[in-house]
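A quick write-up on the structure given underneath.
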Amino acid sequence: MTVTERTAGTGMAADGTYLAPGQPGSLVEVKSRYDNFIGGHWVPPSRGEYMQNITPGTGHPFTEVARSTAEDVDLALDAAHAAKERWGETSLPERAAVLNAIADVIEKNLPMLAVAESWENGKPVRETLAADIPLAVDHFRYFAGATRALEGRLTEIDKDTVAYHFHEPLGVVAQIIPFNFPLLMAAWKIAPALAGGNCTVVKPASSTPWSILKLAELIEDIVPPGVVNIVTGPGNEIGKALASSPRIAKVGFTGETVTGRLIMQYAAENLIPSTVELGGKSPNIFFPDVMEADDEFLDKAVEGLVLYAFNKGEVCTCPSRALVHRSIYDEFMARSLDRISRIVQGNPLDPATMVGAQSSLQQLQKISGYVDIGRQEGAEVLIGGDRAHLDGELHDGYYYQPTVLEGHNQMRVFQEEIFGPVLAVTTFDDEAEAVHLANDTLYGLGAGVWTRDGNLAYRMGRAIKAGRVWTNCYHLYPAGAAFGGYKISGVGRENHQMMLEHYTQTKNLLVSYSAKPLGLF
Amino acid sequence: MPDPPDPIAQDEGPGPVPRAVATTAALEAIARLVAERGPVMFVQSAGCCDGSCPMCFDVGEFVVGNHDVLLGTVGGCPVYMDPRQFETWRHVQLIVDVEPGEPEGFSHAAGPGRHFVARSRVLTPQEEAGLGAG
């Protein structure tokens, strides 16, 4: 492609596809390598080692990031501790202004970050433009407002004795970010930590360390040095060093159950709190009345089923189990499968693409493995069921066909999180069975209920043991709606002002305004 | 944590089919890891992101819970699973294998640029019966 074929200034090729980061004309500049962001500076890793960063779109490396070690985690903790007193005492208007300035700079660079995020993770740019990045902007604004609105309390114990309750910062916190929403999940964690007056050391996922460094380039002159520190590298080196450090006051983690248990184990050793979000196998339940009319609502419900393919299924709350009432099963699934068959899969940077590439080769292999398990256990493949091979430079990318498996709830593909565009679907006969199937899982993160009957929707919502029940919608993540798990899906909540309670500690001043002695001694 | 039982006895010999086995590539990677670091352990993960992988740690790094299930040993190394997760794995043999790609979580790599993965095989009814309730 020549320069004249590009649409000047938009970062797009003539066909409307965004140019890959690093290409001439792209919105995103790519350096050959990236250091750690520590104390407001770009600091090379202590041992001078770097690791390749691969885009799943092509399966090829496009830059390098620091392959850090425990020494680098210590440097980041040093910087955070050096900054914590000052940041903790920063006035609320100033603190909120910093959060708002982060939001503003993300918004101003929204297409750039959307393209970077898409290329880093393989997710379609239509999603990063419409969801990931705008939600990150809103998240910082939400916590800028929440921290201004947060009030301490006082209790008048008696006429002359008052209990004052202040929110005080924890100090330095550790935050470990997953690969599925590298920027949005970072925003979910960083915004409340900063709003609470804490400094943070962030470890991005090993497979998606780069887009957050692009964010760091934007905020390095906005956030005071040492308040946000980012260290990249392998989890068994730096993730462990960070999470087990006696120099952190809290650890936040999103990921899988074994690392979640390790995080809580380390937190127990240090006697500090932790927040862990560990995934789900979310049911999406369709009652017969969704098909009472052939209208906009039915269309929305069909899309609601197909949302299992959002972010190629790499979502903790992926509605990966569809429970469809037997009386509508054939017709509702026919409509849904038709919609799925029209999913556009391709270059993540093409705004027409609906399903991009899985975020790593490891994920692609895991998905293939699960579909094989489903076949072994007798599930029927209704659509998809194989790796998708695209042409040209996308040939080596990690693409998997949107897939639907029909079976029963005891199959492993109904019980285990596949983290790919794979839906397991089965039927139910009545409300009681729907509740039973929905809750017959180790997890309880999300759920979806679709019905035109408000009373039924309410009963289901209260009966399902999950931290969030989307009702006649799915995959909305507005700031202000608490997010977190029941059962083994995790401990703690995110995405709500209650996070400020999790990222502060309570100081009680118990004050006597009486001169009268107790009279005991 | 409790000492793992004698590994060799569970790796070999007649008797019920083992619940956990490893491919040759995985056994070689385990042998190299043990030579470099000392004994290691596996814990089968669940949940989002890197769930469904056998996470590999130095023995003792992961505190085994009172209710965790010891599936068996591979290359002399114990393989554990959460008891609730095990309920859906009763009829399955876990096969530890190796694939390209860095590990996520806090797991050791299976050699440079490689990680451990779990494959599985549905047990025959006879094999499952031979394993009893355990």
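Residues are referred to by chain and number: the chain letter is A, B, ... according to the order shown in the structure tokens, the number counts from 1 in that chain, and ligands are numbered separately from 1 in the order shown.
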Interface rows for chain B against chain A: nearest pair, Å to one decimal, 6 Å, only C-alpha atoms, as CSV:
residue,atom,partner,partner_atom,distance
B:Ser45,CA,A:Val258,CA,5.1
B:Ala46,CA,A:Thr257,CA,5.4
B:Gly47,CA,A:Gly279,CA,4.6
B:Cys48,CA,A:Gly279,CA,4.3
B:Cys49,CA,A:Gly255,CA,5.4
B:Asp50,CA,A:Glu256,CA,5.9
B:Gly51,CA,A:Glu256,CA,4.9
B:Gly105,CA,A:Gly235,CA,5.3
B:Phe106,CA,A:Asn236,CA,3.8
B:Ser107,CA,A:Asn236,CA,5.5
For this session: Step one, run DSSP on the backbone; step two, keep only residues of chain B assigned to strand (DSSP E or B); then write them as a PyMOL selection string.
Result: chain B and resi 20-22+40-44+47+54-58+69-74+77-81+92-100+114-122
Exercise. Excluding same-chain residues fewer than 5 positions from A:Val125, what lies within 7 Å of it counting only C-alpha atoms, as an MDAnalysis selection string?
Worked result: chainID A and resid 114:115 118 348:351
Would you output that residue set with all heavy atoms, as a tab-separated table (two decimals), in the first residue's frame?
chain	number	residue	atom	x	y	z
A	114	ALA	N	-7.63	3.21	21.24
A	114	ALA	CA	-8.51	2.13	20.76
A	114	ALA	C	-7.77	1.23	19.77
A	114	ALA	O	-7.90	0.00	19.80
A	114	ALA	CB	-9.77	2.71	20.13
A	115	VAL	N	-6.99	1.85	18.90
A	115	VAL	CA	-6.21	1.06	17.93
A	115	VAL	C	-5.11	0.29	18.64
A	115	VAL	O	-4.87	-0.90	18.36
A	115	VAL	CB	-5.64	2.00	16.83
A	115	VAL	CG1	-4.64	1.25	15.96
A	115	VAL	CG2	-6.78	2.55	15.98
A	118	SER	N	-6.66	-2.64	20.48
A	118	SER	CA	-7.10	-3.68	19.54
A	118	SER	C	-5.90	-4.50	19.06
A	118	SER	O	-5.96	-5.73	19.00
A	118	SER	CB	-7.81	-3.00	18.37
A	118	SER	OG	-8.07	-3.91	17.34
A	348	PRO	N	-8.62	-7.31	13.40
A	348	PRO	CA	-9.18	-6.55	14.52
A	348	PRO	C	-9.27	-5.05	14.23
A	348	PRO	O	-10.12	-4.36	14.80
A	348	PRO	CB	-8.20	-6.83	15.66
A	348	PRO	CG	-7.50	-8.08	15.28
A	348	PRO	CD	-7.47	-8.12	13.79
A	349	LEU	N	-8.41	-4.55	13.35
A	349	LEU	CA	-8.37	-3.11	13.09
A	349	LEU	C	-9.36	-2.66	12.03
A	349	LEU	O	-9.45	-1.47	11.71
A	349	LEU	CB	-6.94	-2.69	12.67
A	349	LEU	CG	-5.88	-2.90	13.75
A	349	LEU	CD1	-4.51	-2.50	13.22
A	349	LEU	CD2	-6.21	-2.10	15.01
A	350	ASP	N	-10.14	-3.60	11.48
A	350	ASP	CA	-11.18	-3.25	10.52
A	350	ASP	C	-12.46	-2.96	11.31
A	350	ASP	O	-12.97	-3.83	12.01
A	350	ASP	CB	-11.39	-4.42	9.56
A	350	ASP	CG	-12.42	-4.10	8.49
A	350	ASP	OD1	-13.19	-3.12	8.65
A	350	ASP	OD2	-12.48	-4.85	7.50
A	351	PRO	N	-12.99	-1.73	11.22
A	351	PRO	CA	-14.19	-1.42	12.01
A	351	PRO	C	-15.39	-2.32	11.71
A	351	PRO	O	-16.34	-2.37	12.50
A	351	PRO	CB	-14.49	0.04	11.65
A	351	PRO	CG	-13.17	0.60	11.22
A	351	PRO	CD	-12.46	-0.54	10.53
Exercise. What is the distance between atom CA of A:Met291 and atom CA of A:Trp470, in Å to one decimal?
Worked result: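 Calculated distance between atom CA of A:Met291 and atom CA of A:Trp470 is 18.8 Å.
If you look at atom CA of B:Met41 and atom CA of B:Glu102, they are 18.1 Å away from each other.
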For this session: List the neighbours of B:Glu36 out to 12 Å using only C-alpha atoms; skip same-chain residues closer than 3 positions along the sequence, and give me the result as a PyMOL selection string.
Result: chain B and resi 29-33+39-40+58+108+110-111
Dump as a PDB file, in the first residue's frame, selection limited to N, CA and C atoms:
ATOM      1  N   ALA B  29      10.191 -31.752  30.548  1.00  0.00           N
ATOM      2  CA  ALA B  29      10.217 -30.388  31.095  1.00  0.00           C
ATOM      3  C   ALA B  29      10.230 -30.436  32.623  1.00  0.00           C
ATOM      4  N   ILE B  30       9.448 -31.357  33.188  1.00  0.00           N
ATOM      5  CA  ILE B  30       9.406 -31.483  34.649  1.00  0.00           C
ATOM      6  C   ILE B  30      10.786 -31.891  35.175  1.00  0.00           C
ATOM      7  N   ALA B  31      11.406 -32.848  34.497  1.00  0.00           N
ATOM      8  CA  ALA B  31      12.727 -33.317  34.951  1.00  0.00           C
ATOM      9  C   ALA B  31      13.743 -32.171  34.934  1.00  0.00           C
ATOM     10  N   ARG B  32      13.678 -31.351  33.886  1.00  0.00           N
ATOM     11  CA  ARG B  32      14.613 -30.204  33.821  1.00  0.00           C
ATOM     12  C   ARG B  32      14.321 -29.209  34.946  1.00  0.00           C
ATOM     13  N   LEU B  33      13.029 -28.942  35.173  1.00  0.00           N
ATOM     14  CA  LEU B  33      12.653 -27.997  36.238  1.00  0.00           C
ATOM     15  C   LEU B  33      13.129 -28.492  37.599  1.00  0.00           C
ATOM     16  N   PRO B  39      12.078 -29.903  43.856  1.00  0.00           N
ATOM     17  CA  PRO B  39      10.746 -30.469  43.598  1.00  0.00           C
ATOM     18  C   PRO B  39       9.708 -29.401  43.259  1.00  0.00           C
ATOM     19  N   VAL B  40       8.821 -29.737  42.339  1.00  0.00           N
ATOM     20  CA  VAL B  40       7.728 -28.828  41.974  1.00  0.00           C
ATOM     21  C   VAL B  40       6.392 -29.548  42.170  1.00  0.00           C
ATOM     22  N   ASP B  58       7.095 -24.256  42.911  1.00  0.00           N
ATOM     23  CA  ASP B  58       7.963 -25.002  43.819  1.00  0.00           C
ATOM     24  C   ASP B  58       7.074 -25.670  44.865  1.00  0.00           C
ATOM     25  N   HIS B 108       5.570 -21.540  36.884  1.00  0.00           N
ATOM     26  CA  HIS B 108       6.844 -21.727  36.197  1.00  0.00           C
ATOM     27  C   HIS B 108       6.576 -22.073  34.740  1.00  0.00           C
ATOM     28  N   ALA B 110       7.516 -24.123  31.212  1.00  0.00           N
ATOM     29  CA  ALA B 110       7.930 -25.502  30.918  1.00  0.00           C
ATOM     30  C   ALA B 110       9.144 -25.438  29.990  1.00  0.00           C
ATOM     31  N   GLY B 111      10.146 -24.681  30.379  1.00  0.00           N
ATOM     32  CA  GLY B 111      11.277 -24.394  29.497  1.00  0.00           C
ATOM     33  C   GLY B 111      11.051 -23.053  28.831  1.00  0.00           C
TER      34      GLY B 111
END
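By chain and then residue number, the residues within 8 Å of B:Tyr80 are Phe42, Val43, Gln44, Val64, Asp68, Val69, Leu70, Leu71 and Gly72 of chain B, counting only C-alpha atoms and disregarding those fewer than 4 positions away in sequence.
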For this session: Report the distance between atom CA of B:Gln93 and atom CA of B:Cys53 in Å, rounded to one decimal place.
Result: 14.1 Å
Exercise. Hey, what's within 8 Å of stretch 284-287 of chain A if we count only C-alpha atoms and toss same-chain stuff fewer than 4 positions away? As a ChimeraX atom specification, please?
Worked result: /A:301,305,319-325,434,447-451
Exercise. Using only C-alpha atoms, which of the listed residues (A:Gly446, A:Gly9, A:Pro204, A:Gly59) sits closest to B:Gly101?
Worked result: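 Looking at the shortest contact to B:Gly101, the residue is A:Gly59.
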Problem set entry | Closest of B:Ala22, B:Cys56, B:Val92, B:Cys77 to B:Glu104 - atom-to-atom distances counting only C-alpha atoms | B:Cys56
Problem set entry | Shell of 7 Å around A:Pro402, only C-alpha atoms, local chain residues under 5 positions omitted, as a PyMOL selection string | chain A and resi 309+384+421-422
Problem set entry | Every residue of chain B that DSSP places in helix (DSSP H, G or I), as number ranges by chain | B: 7-11, 24-37, 83-86, 125-131
